[in-house]
Every structure is written in C-alpha cells, then in structure tokens.
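The block underneath contains the structure these notes are about, expressed in structure tokens.
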Amino acid sequence: MTLVVASLPVRKEDDIQRIHDFYDADLIEIRLDYLGRLIPIEKLERFKEKIIVTIRDLSEGGVNPIDPKEKAEYLVELNEKGFLYDVEAKFAKTYKVPTTNKIVSVHYFDRVPLFEEIYEIIRDFIETSWLIKVAVIGKPGYKSLLSKILELEKVAVMPMGVDPLERIAFSILGSKLIYGHTGEETAKGQMYYKNVRQILSYLTSISTSSPSILTG
C-alpha cells in the first residue's frame with residue numbers, strides 16, 4: 001500500500017501548528033530547512049506519531065543551510081526519542097546518523113545516474129532502514145531507472161519535474177510513499193496531497209470492485 005505524505009514547508013516556528021490541518025494524510029513531512037534553524041524537539045512531541053522530520057541538505061534540494069554537526073546531533077536525539085526522519089544516505093554515512101527504521105534518501109536534480117551508482121550509495125541501508133527514497137529528475141532514462149529501483153521492494157521513488165500523474169503511476173508499480181504538497185511544492189512534480197488521496201482512493205475502489213479493469 002502506498003502512503004500519502006503531505007509535505008509542509010516550515011518557515012516560522014508557528015507553522016508547526018498547521019500540522020493539524022493535514023491529519024487526513026497518512027504522514028506529514030515537516031521541512032525544517034525552510035526555517036533555517038532547528039525547532040526544540042519537545043515542541044514536536046505531540047505530533048511524533050504523524051510526522052517525518054526532514055532537514056534537507058542544500059546539495060540535495062534544501063532551502064537554507066543548517067550546520068551539519070548540529071543537524072547530526074539533532075537527528076541522533078530524534079532517534080532516541082522515537083521520531084521518524086528522512087536523512088540523506090551520504091550525510092548518514094559521513095556523520096554516522098542512525099538509520100534503522102528511518103527513511104534514507106538520495107536525490108539527483110540534474111542527471112539520471114546509473115542504477116549501480118545508486119545501489120552503491122544505498123546498499124548498506126537496505127536491510128535496516130524503514131524505506132529507501134530515490135528522487136530523480138525526469139530526463140531520458142529515468143523511467144527505466146526508477147522501475148529497476150522498485151525491484152528492491154522496500155523503496156519509494158519520485159520522478160521530479162514531470163507530470164504529477166507519473167508519481168501516481170509509480171505508486172501503482174509499488175512505490176511505498178507518494179509526496180504531495182500542502183499549498184506549495186517542496187519538490188517539482190508534486191500534486192496537492194488531497195488530490196493524490198482522491199486518485200489513489202478511486203484506483204483502489206476500482207481494483208477492489210473490478211480487478212480485471214486494472215489487470216486486463
């Protein structure tokens with residue numbers, strides 16, 4: 001089953017209160033790199049079961065810089081308190097950030113890499129992470145690459161800069177997460193999360209009532 005993630009850019013600390021507005025999503029990603037500083041963890045505690053904490057690096061699509069050592073210490077504390085977070089594979093390796101039962105991600109904004117390159121980066125996390133997330137720009141070869149990555153099973157794939165319906169297509173093929181925006185894209189190619197939910201719900205109802213429609 002594909003989970004719908006509502007991605008919320010946090011530009012001021014009060015934006016955390018908006019998490020309540022998106023509780024109909026399966027999960028809410030809070031992008032703290034939009035704020036440019038880290039929110040005291042105790043202010044996130046009451047949302048712990050619903051959120052993914054993301055502090056995206058500039059090199060992988062982040063908006064504002066966060067001191068890497070501060071980020072690493074913050075993620076370690078989040079881990080100790082049982083939060084789900086998304087951390088870049090390269091960052092996790094460099095700063096020895098815990099990744100067991102977390103989302104480990106890689107992003108390519110300007111090229112489509114070889115599968116072997118991605119596998120070399122993520123292979124150490126495949127068994128213990130909750131999910132591997134791979135986001136790739138929609139340039140020639142991206143569809144076959146993302147389809148091959150889906151063979152790893154415990155993964156979510158995100159094409160960027162293409163028709164948002166392609167993310168729906170990849171969820172049908174087995175991507176475990178699909179990210180939608182909450183009024184503003186946090187990555188190119190996102191659809192409004194409520195529309196994602198409606199489309200997936202419709203496809204599920206068709207599949208349940210008439211399996212032959214989707215299987216031919």
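Numbering starts fresh at 1 for the residues of each chain in the structure tokens, the chains themselves are lettered A, B, ... in the order given, and ligands are numbered from 1 as they appear.
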Within 12 Å of Lys69 of chain A, counting only C-alpha atoms, which residues qualify if same-chain residues fewer than 3 places away don't, as a tab-separated table (two decimals) with N, CA and C atoms, in the first residue's frame?
chain	number	residue	atom	x	y	z
A	65	PRO	N	20.87	26.65	4.72
A	65	PRO	CA	21.90	25.80	5.32
A	65	PRO	C	21.68	25.59	6.81
A	66	ILE	N	21.97	24.40	7.26
A	66	ILE	CA	21.97	24.05	8.68
A	66	ILE	C	23.35	23.47	8.98
A	72	ALA	N	23.30	16.64	12.69
A	72	ALA	CA	23.57	15.26	13.09
A	72	ALA	C	23.17	15.02	14.55
A	73	GLU	N	23.53	15.94	15.41
A	73	GLU	CA	23.17	15.80	16.83
A	73	GLU	C	21.65	15.81	17.02
A	74	TYR	N	20.98	16.65	16.25
A	74	TYR	CA	19.52	16.75	16.32
A	74	TYR	C	18.87	15.43	15.89
A	75	LEU	N	19.38	14.85	14.81
A	75	LEU	CA	18.83	13.59	14.32
A	75	LEU	C	19.08	12.45	15.31
A	76	VAL	N	20.23	12.45	15.94
A	76	VAL	CA	20.51	11.45	16.95
A	76	VAL	C	19.51	11.56	18.10
A	91	PHE	N	24.90	11.84	3.93
A	91	PHE	CA	25.02	12.52	5.22
A	91	PHE	C	25.07	11.49	6.35
A	92	ALA	N	24.21	10.49	6.27
A	92	ALA	CA	24.17	9.47	7.32
A	92	ALA	C	25.50	8.75	7.44
A	94	THR	N	28.51	9.94	6.47
A	94	THR	CA	29.56	10.87	6.89
A	94	THR	C	29.49	11.15	8.40
A	95	TYR	N	28.27	11.35	8.91
A	95	TYR	CA	28.11	11.77	10.30
A	95	TYR	C	27.59	10.66	11.22
A	96	LYS	N	27.53	9.43	10.67
A	96	LYS	CA	27.13	8.26	11.46
A	96	LYS	C	25.79	8.47	12.16
A	97	VAL	N	24.83	8.94	11.39
A	97	VAL	CA	23.48	9.16	11.90
A	97	VAL	C	22.72	7.83	11.90
Using only C-alpha atoms, find each residue of segment 108-184 of chain A with at least one atom at most 9 Å away from an atom of segment 8-22 of chain A; report its shortest atom-to-atom pair and that distance in Å (one decimal), sort the rows by chain and rising residue number, and return the result as a Markdown table.
| residue | atom | partner | partner_atom | distance |
| --- | --- | --- | --- | --- |
| A:His181 | CA | A:Leu8 | CA | 6.9 |
| A:Thr182 | CA | A:Leu8 | CA | 6.0 |
| A:Gly183 | CA | A:Leu8 | CA | 8.5 |
| A:Glu184 | CA | A:Pro9 | CA | 8.0 |
Selection file, N, CA and C atoms, as a CSV table (one decimal), in the first residue's frame:
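And here is the file that came out, out-v1.csv:
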chain,number,residue,atom,x,y,z
A,181,HIS,N,2.0,18.2,-2.1
A,181,HIS,CA,2.2,19.5,-1.4
A,181,HIS,C,1.0,19.9,-0.6
A,182,THR,N,1.2,20.9,0.3
A,182,THR,CA,0.1,21.4,1.2
A,182,THR,C,-0.3,22.8,0.8
A,183,GLY,N,0.0,23.2,-0.5
A,183,GLY,CA,-0.3,24.5,-1.0
A,183,GLY,C,0.9,25.1,-1.7
A,184,GLU,N,2.1,24.5,-1.6
A,184,GLU,CA,3.3,25.0,-2.2
A,184,GLU,C,4.2,23.8,-2.4
Practice item. For Glu151 of chain A, work out the shell of residues within 10 Å, counting only C-alpha atoms and skipping chain neighbours fewer than 4 positions away, then give it as number ranges by chain. Key: A: 146-147, 155, 173-175
Expected file contents, prior selection, C-alpha atoms, as a PDB file, in the first residue's frame:
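Output saved as result06.pdb:
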ATOM      1  CA  LEU A 146      13.104   4.103 -11.180  1.00  0.00           C
ATOM      2  CA  SER A 147      11.370   0.932 -12.321  1.00  0.00           C
ATOM      3  CA  VAL A 155      11.590   1.729  -1.620  1.00  0.00           C
ATOM      4  CA  LEU A 173       4.013  -0.033  -9.638  1.00  0.00           C
ATOM      5  CA  GLY A 174       4.964  -0.348  -5.977  1.00  0.00           C
ATOM      6  CA  SER A 175       6.435   2.895  -4.639  1.00  0.00           C
TER       7      SER A 175
END
Show which residues sit within 7 Å of segment 46-59 of chain A, as a JSON list (two decimals) with N, CA and C atoms, in the first residue's frame. Count only C-alpha atoms, and ignore same-chain residues fewer than 5 positions away.
[["chain", "number", "residue", "atom", "x", "y", "z"],
["A", 27, "LEU", "N", 0.94, 10.60, 6.53],
["A", 27, "LEU", "CA", 2.07, 11.19, 7.25],
["A", 27, "LEU", "C", 2.23, 12.64, 6.80],
["A", 28, "ILE", "N", 2.83, 13.46, 7.65],
["A", 28, "ILE", "CA", 3.14, 14.84, 7.29],
["A", 28, "ILE", "C", 4.64, 15.05, 7.42],
["A", 29, "GLU", "N", 5.25, 15.45, 6.31],
["A", 29, "GLU", "CA", 6.66, 15.77, 6.35],
["A", 29, "GLU", "C", 6.83, 17.24, 6.73],
["A", 30, "ILE", "N", 7.64, 17.51, 7.74],
["A", 30, "ILE", "CA", 7.93, 18.90, 8.08],
["A", 30, "ILE", "C", 9.36, 19.21, 7.62],
["A", 31, "ARG", "N", 9.45, 20.21, 6.74],
["A", 31, "ARG", "CA", 10.73, 20.58, 6.15],
["A", 31, "ARG", "C", 11.36, 21.71, 6.95],
["A", 32, "LEU", "N", 12.25, 21.36, 7.88],
["A", 32, "LEU", "CA", 12.84, 22.36, 8.75],
["A", 32, "LEU", "C", 13.93, 23.18, 8.07],
["A", 33, "ASP", "N", 14.43, 22.72, 6.92],
["A", 33, "ASP", "CA", 15.43, 23.51, 6.21],
["A", 33, "ASP", "C", 14.85, 24.81, 5.66],
["A", 64, "ASN", "N", 17.69, 26.30, 3.07],
["A", 64, "ASN", "CA", 18.62, 27.08, 3.88],
["A", 64, "ASN", "C", 19.65, 26.16, 4.53],
["A", 65, "PRO", "N", 20.87, 26.65, 4.72],
["A", 65, "PRO", "CA", 21.90, 25.80, 5.32],
["A", 65, "PRO", "C", 21.68, 25.59, 6.81],
["A", 83, "PHE", "N", 11.36, 9.37, 16.92],
["A", 83, "PHE", "CA", 10.79, 10.07, 15.76],
["A", 83, "PHE", "C", 11.20, 9.39, 14.46],
["A", 84, "LEU", "N", 10.36, 9.52, 13.46],
["A", 84, "LEU", "CA", 10.70, 9.13, 12.10],
["A", 84, "LEU", "C", 11.31, 10.34, 11.39],
["A", 85, "TYR", "N", 12.43, 10.14, 10.74],
["A", 85, "TYR", "CA", 13.03, 11.23, 9.96],
["A", 85, "TYR", "C", 13.56, 10.70, 8.64],
["A", 86, "ASP", "N", 13.84, 11.65, 7.75],
["A", 86, "ASP", "CA", 14.40, 11.38, 6.43],
["A", 86, "ASP", "C", 15.80, 11.97, 6.41],
["A", 87, "VAL", "N", 16.79, 11.14, 6.18],
["A", 87, "VAL", "CA", 18.17, 11.62, 6.14],
["A", 87, "VAL", "C", 18.84, 11.15, 4.85]]
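Distances to Glu153 of chain A were evaluated for A:Ile39, A:Leu177, A:Val106, A:Ala135 using only C-alpha atoms, and the minimum falls at A:Leu177.
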Practice item. Identify all residues of segment 34-187 of chain A in strand (DSSP E) (DSSP on the backbone) and supply them as an MDAnalysis selection string. Key: chainID A and resid 51:54 84:88 103:108 131:137 155:160 177:181
With C-alpha atoms retained, write the just-selected residues as a PDB file, in the first residue's frame.
ATOM      1  CA  ILE A  51       5.352  13.365  11.172  1.00  0.00           C
ATOM      2  CA  ILE A  52       8.506  12.810   9.161  1.00  0.00           C
ATOM      3  CA  VAL A  53      11.203  15.294  10.157  1.00  0.00           C
ATOM      4  CA  THR A  54      13.320  16.406   7.204  1.00  0.00           C
ATOM      5  CA  LEU A  84      10.700   9.131  12.098  1.00  0.00           C
ATOM      6  CA  TYR A  85      13.026  11.229   9.963  1.00  0.00           C
ATOM      7  CA  ASP A  86      14.401  11.378   6.431  1.00  0.00           C
ATOM      8  CA  VAL A  87      18.173  11.617   6.142  1.00  0.00           C
ATOM      9  CA  GLU A  88      20.383  11.671   3.063  1.00  0.00           C
ATOM     10  CA  ILE A 103      13.897   6.970   5.606  1.00  0.00           C
ATOM     11  CA  VAL A 104      17.231   7.101   3.799  1.00  0.00           C
ATOM     12  CA  SER A 105      17.213   9.198   0.640  1.00  0.00           C
ATOM     13  CA  VAL A 106      19.182  10.172  -2.434  1.00  0.00           C
ATOM     14  CA  HIS A 107      18.367  12.964  -4.890  1.00  0.00           C
ATOM     15  CA  TYR A 108      19.511  13.722  -8.432  1.00  0.00           C
ATOM     16  CA  LEU A 131      12.436   2.839   3.414  1.00  0.00           C
ATOM     17  CA  ILE A 132      14.906   3.933   0.773  1.00  0.00           C
ATOM     18  CA  LYS A 133      13.699   7.015  -1.121  1.00  0.00           C
ATOM     19  CA  VAL A 134      15.154   7.875  -4.524  1.00  0.00           C
ATOM     20  CA  ALA A 135      14.248  11.099  -6.343  1.00  0.00           C
ATOM     21  CA  VAL A 136      15.465  11.646  -9.906  1.00  0.00           C
ATOM     22  CA  ILE A 137      14.961  14.420 -12.459  1.00  0.00           C
ATOM     23  CA  VAL A 155      11.590   1.729  -1.620  1.00  0.00           C
ATOM     24  CA  ALA A 156       9.827   4.914  -2.657  1.00  0.00           C
ATOM     25  CA  VAL A 157      10.690   6.546  -5.975  1.00  0.00           C
ATOM     26  CA  MET A 158       9.989  10.125  -7.019  1.00  0.00           C
ATOM     27  CA  PRO A 159      10.316  11.485 -10.551  1.00  0.00           C
ATOM     28  CA  MET A 160      10.898  15.253 -10.461  1.00  0.00           C
ATOM     29  CA  LEU A 177       5.313   6.668  -0.462  1.00  0.00           C
ATOM     30  CA  ILE A 178       3.913   9.464  -2.588  1.00  0.00           C
ATOM     31  CA  TYR A 179       4.528  13.051  -1.546  1.00  0.00           C
ATOM     32  CA  GLY A 180       2.009  15.808  -2.184  1.00  0.00           C
ATOM     33  CA  HIS A 181       2.217  19.490  -1.381  1.00  0.00           C
TER      34      HIS A 181
END
Review point. Separation of atom CA of Ile199 of chain A and atom CA of Thr186 of chain A, in Å?
Key: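 It comes out at 20.2 Å.
Using only C-alpha atoms, the smallest distance between any of A:Lys176, A:Pro164, A:Leu114, A:Val5 and Gly189 of chain A comes from A:Pro164.
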Practice item. Point out the residue among A:Asn79, A:Ser144, A:Thr128, A:Ser171 with the least atom-to-atom distance to Met1 of chain A, counting only C-alpha atoms. Key: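 Of A:Asn79, A:Ser144, A:Thr128, A:Ser171, the one nearest Met1 of chain A, counting only C-alpha atoms, is A:Ser171.
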Exercise for review: Just the alpha helix (DSSP H) stuff from segment 19-107 of chain A, please, per backbone DSSP, written as JSON, numbers by chain.
Suggested key: {"A": [68, 69, 70, 71, 72, 73, 74, 75, 76, 77, 78, 79, 80, 89, 90, 91, 92, 93, 94, 95]}
Written file, previous selection with N, CA and C atoms, as a PDB file, in the first residue's frame:
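The result, stored in selection06.pdb:
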ATOM      1  N   PRO A  68      26.049  21.136   9.751  1.00  0.00           N
ATOM      2  CA  PRO A  68      25.925  19.673   9.678  1.00  0.00           C
ATOM      3  C   PRO A  68      26.095  18.964  11.015  1.00  0.00           C
ATOM      4  N   LYS A  69      26.976  19.442  11.859  1.00  0.00           N
ATOM      5  CA  LYS A  69      27.148  18.797  13.169  1.00  0.00           C
ATOM      6  C   LYS A  69      25.909  19.000  14.038  1.00  0.00           C
ATOM      7  N   GLU A  70      25.332  20.196  13.949  1.00  0.00           N
ATOM      8  CA  GLU A  70      24.096  20.463  14.688  1.00  0.00           C
ATOM      9  C   GLU A  70      22.969  19.575  14.174  1.00  0.00           C
ATOM     10  N   LYS A  71      22.903  19.433  12.860  1.00  0.00           N
ATOM     11  CA  LYS A  71      21.881  18.572  12.263  1.00  0.00           C
ATOM     12  C   LYS A  71      22.068  17.128  12.714  1.00  0.00           C
ATOM     13  N   ALA A  72      23.296  16.642  12.692  1.00  0.00           N
ATOM     14  CA  ALA A  72      23.565  15.259  13.092  1.00  0.00           C
ATOM     15  C   ALA A  72      23.174  15.016  14.547  1.00  0.00           C
ATOM     16  N   GLU A  73      23.526  15.944  15.413  1.00  0.00           N
ATOM     17  CA  GLU A  73      23.169  15.801  16.835  1.00  0.00           C
ATOM     18  C   GLU A  73      21.655  15.811  17.023  1.00  0.00           C
ATOM     19  N   TYR A  74      20.977  16.645  16.253  1.00  0.00           N
ATOM     20  CA  TYR A  74      19.515  16.753  16.323  1.00  0.00           C
ATOM     21  C   TYR A  74      18.874  15.429  15.891  1.00  0.00           C
ATOM     22  N   LEU A  75      19.378  14.853  14.808  1.00  0.00           N
ATOM     23  CA  LEU A  75      18.828  13.589  14.317  1.00  0.00           C
ATOM     24  C   LEU A  75      19.078  12.455  15.314  1.00  0.00           C
ATOM     25  N   VAL A  76      20.232  12.455  15.935  1.00  0.00           N
ATOM     26  CA  VAL A  76      20.511  11.449  16.953  1.00  0.00           C
ATOM     27  C   VAL A  76      19.507  11.557  18.103  1.00  0.00           C
ATOM     28  N   GLU A  77      19.220  12.792  18.510  1.00  0.00           N
ATOM     29  CA  GLU A  77      18.247  12.977  19.585  1.00  0.00           C
ATOM     30  C   GLU A  77      16.847  12.568  19.136  1.00  0.00           C
ATOM     31  N   LEU A  78      16.489  12.899  17.902  1.00  0.00           N
ATOM     32  CA  LEU A  78      15.196  12.459  17.371  1.00  0.00           C
ATOM     33  C   LEU A  78      15.094  10.940  17.397  1.00  0.00           C
ATOM     34  N   ASN A  79      16.170  10.281  17.033  1.00  0.00           N
ATOM     35  CA  ASN A  79      16.188   8.820  17.046  1.00  0.00           C
ATOM     36  C   ASN A  79      15.964   8.286  18.456  1.00  0.00           C
ATOM     37  N   GLU A  80      16.640   8.885  19.422  1.00  0.00           N
ATOM     38  CA  GLU A  80      16.499   8.444  20.810  1.00  0.00           C
ATOM     39  C   GLU A  80      15.076   8.610  21.323  1.00  0.00           C
ATOM     40  N   ALA A  89      21.498   9.598   2.440  1.00  0.00           N
ATOM     41  CA  ALA A  89      22.403   8.466   2.627  1.00  0.00           C
ATOM     42  C   ALA A  89      23.844   8.934   2.832  1.00  0.00           C
ATOM     43  N   LYS A  90      24.273   9.895   2.029  1.00  0.00           N
ATOM     44  CA  LYS A  90      25.654  10.371   2.139  1.00  0.00           C
ATOM     45  C   LYS A  90      25.881  11.070   3.476  1.00  0.00           C
ATOM     46  N   PHE A  91      24.896  11.838   3.928  1.00  0.00           N
ATOM     47  CA  PHE A  91      25.020  12.517   5.220  1.00  0.00           C
ATOM     48  C   PHE A  91      25.074  11.489   6.353  1.00  0.00           C
ATOM     49  N   ALA A  92      24.214  10.493   6.271  1.00  0.00           N
ATOM     50  CA  ALA A  92      24.169   9.474   7.321  1.00  0.00           C
ATOM     51  C   ALA A  92      25.504   8.749   7.441  1.00  0.00           C
ATOM     52  N   LYS A  93      26.123   8.462   6.296  1.00  0.00           N
ATOM     53  CA  LYS A  93      27.415   7.788   6.318  1.00  0.00           C
ATOM     54  C   LYS A  93      28.499   8.687   6.903  1.00  0.00           C
ATOM     55  N   THR A  94      28.509   9.944   6.473  1.00  0.00           N
ATOM     56  CA  THR A  94      29.556  10.872   6.894  1.00  0.00           C
ATOM     57  C   THR A  94      29.494  11.145   8.396  1.00  0.00           C
ATOM     58  N   TYR A  95      28.266  11.347   8.909  1.00  0.00           N
ATOM     59  CA  TYR A  95      28.109  11.772  10.304  1.00  0.00           C
ATOM     60  C   TYR A  95      27.589  10.660  11.217  1.00  0.00           C
TER      61      TYR A  95
END
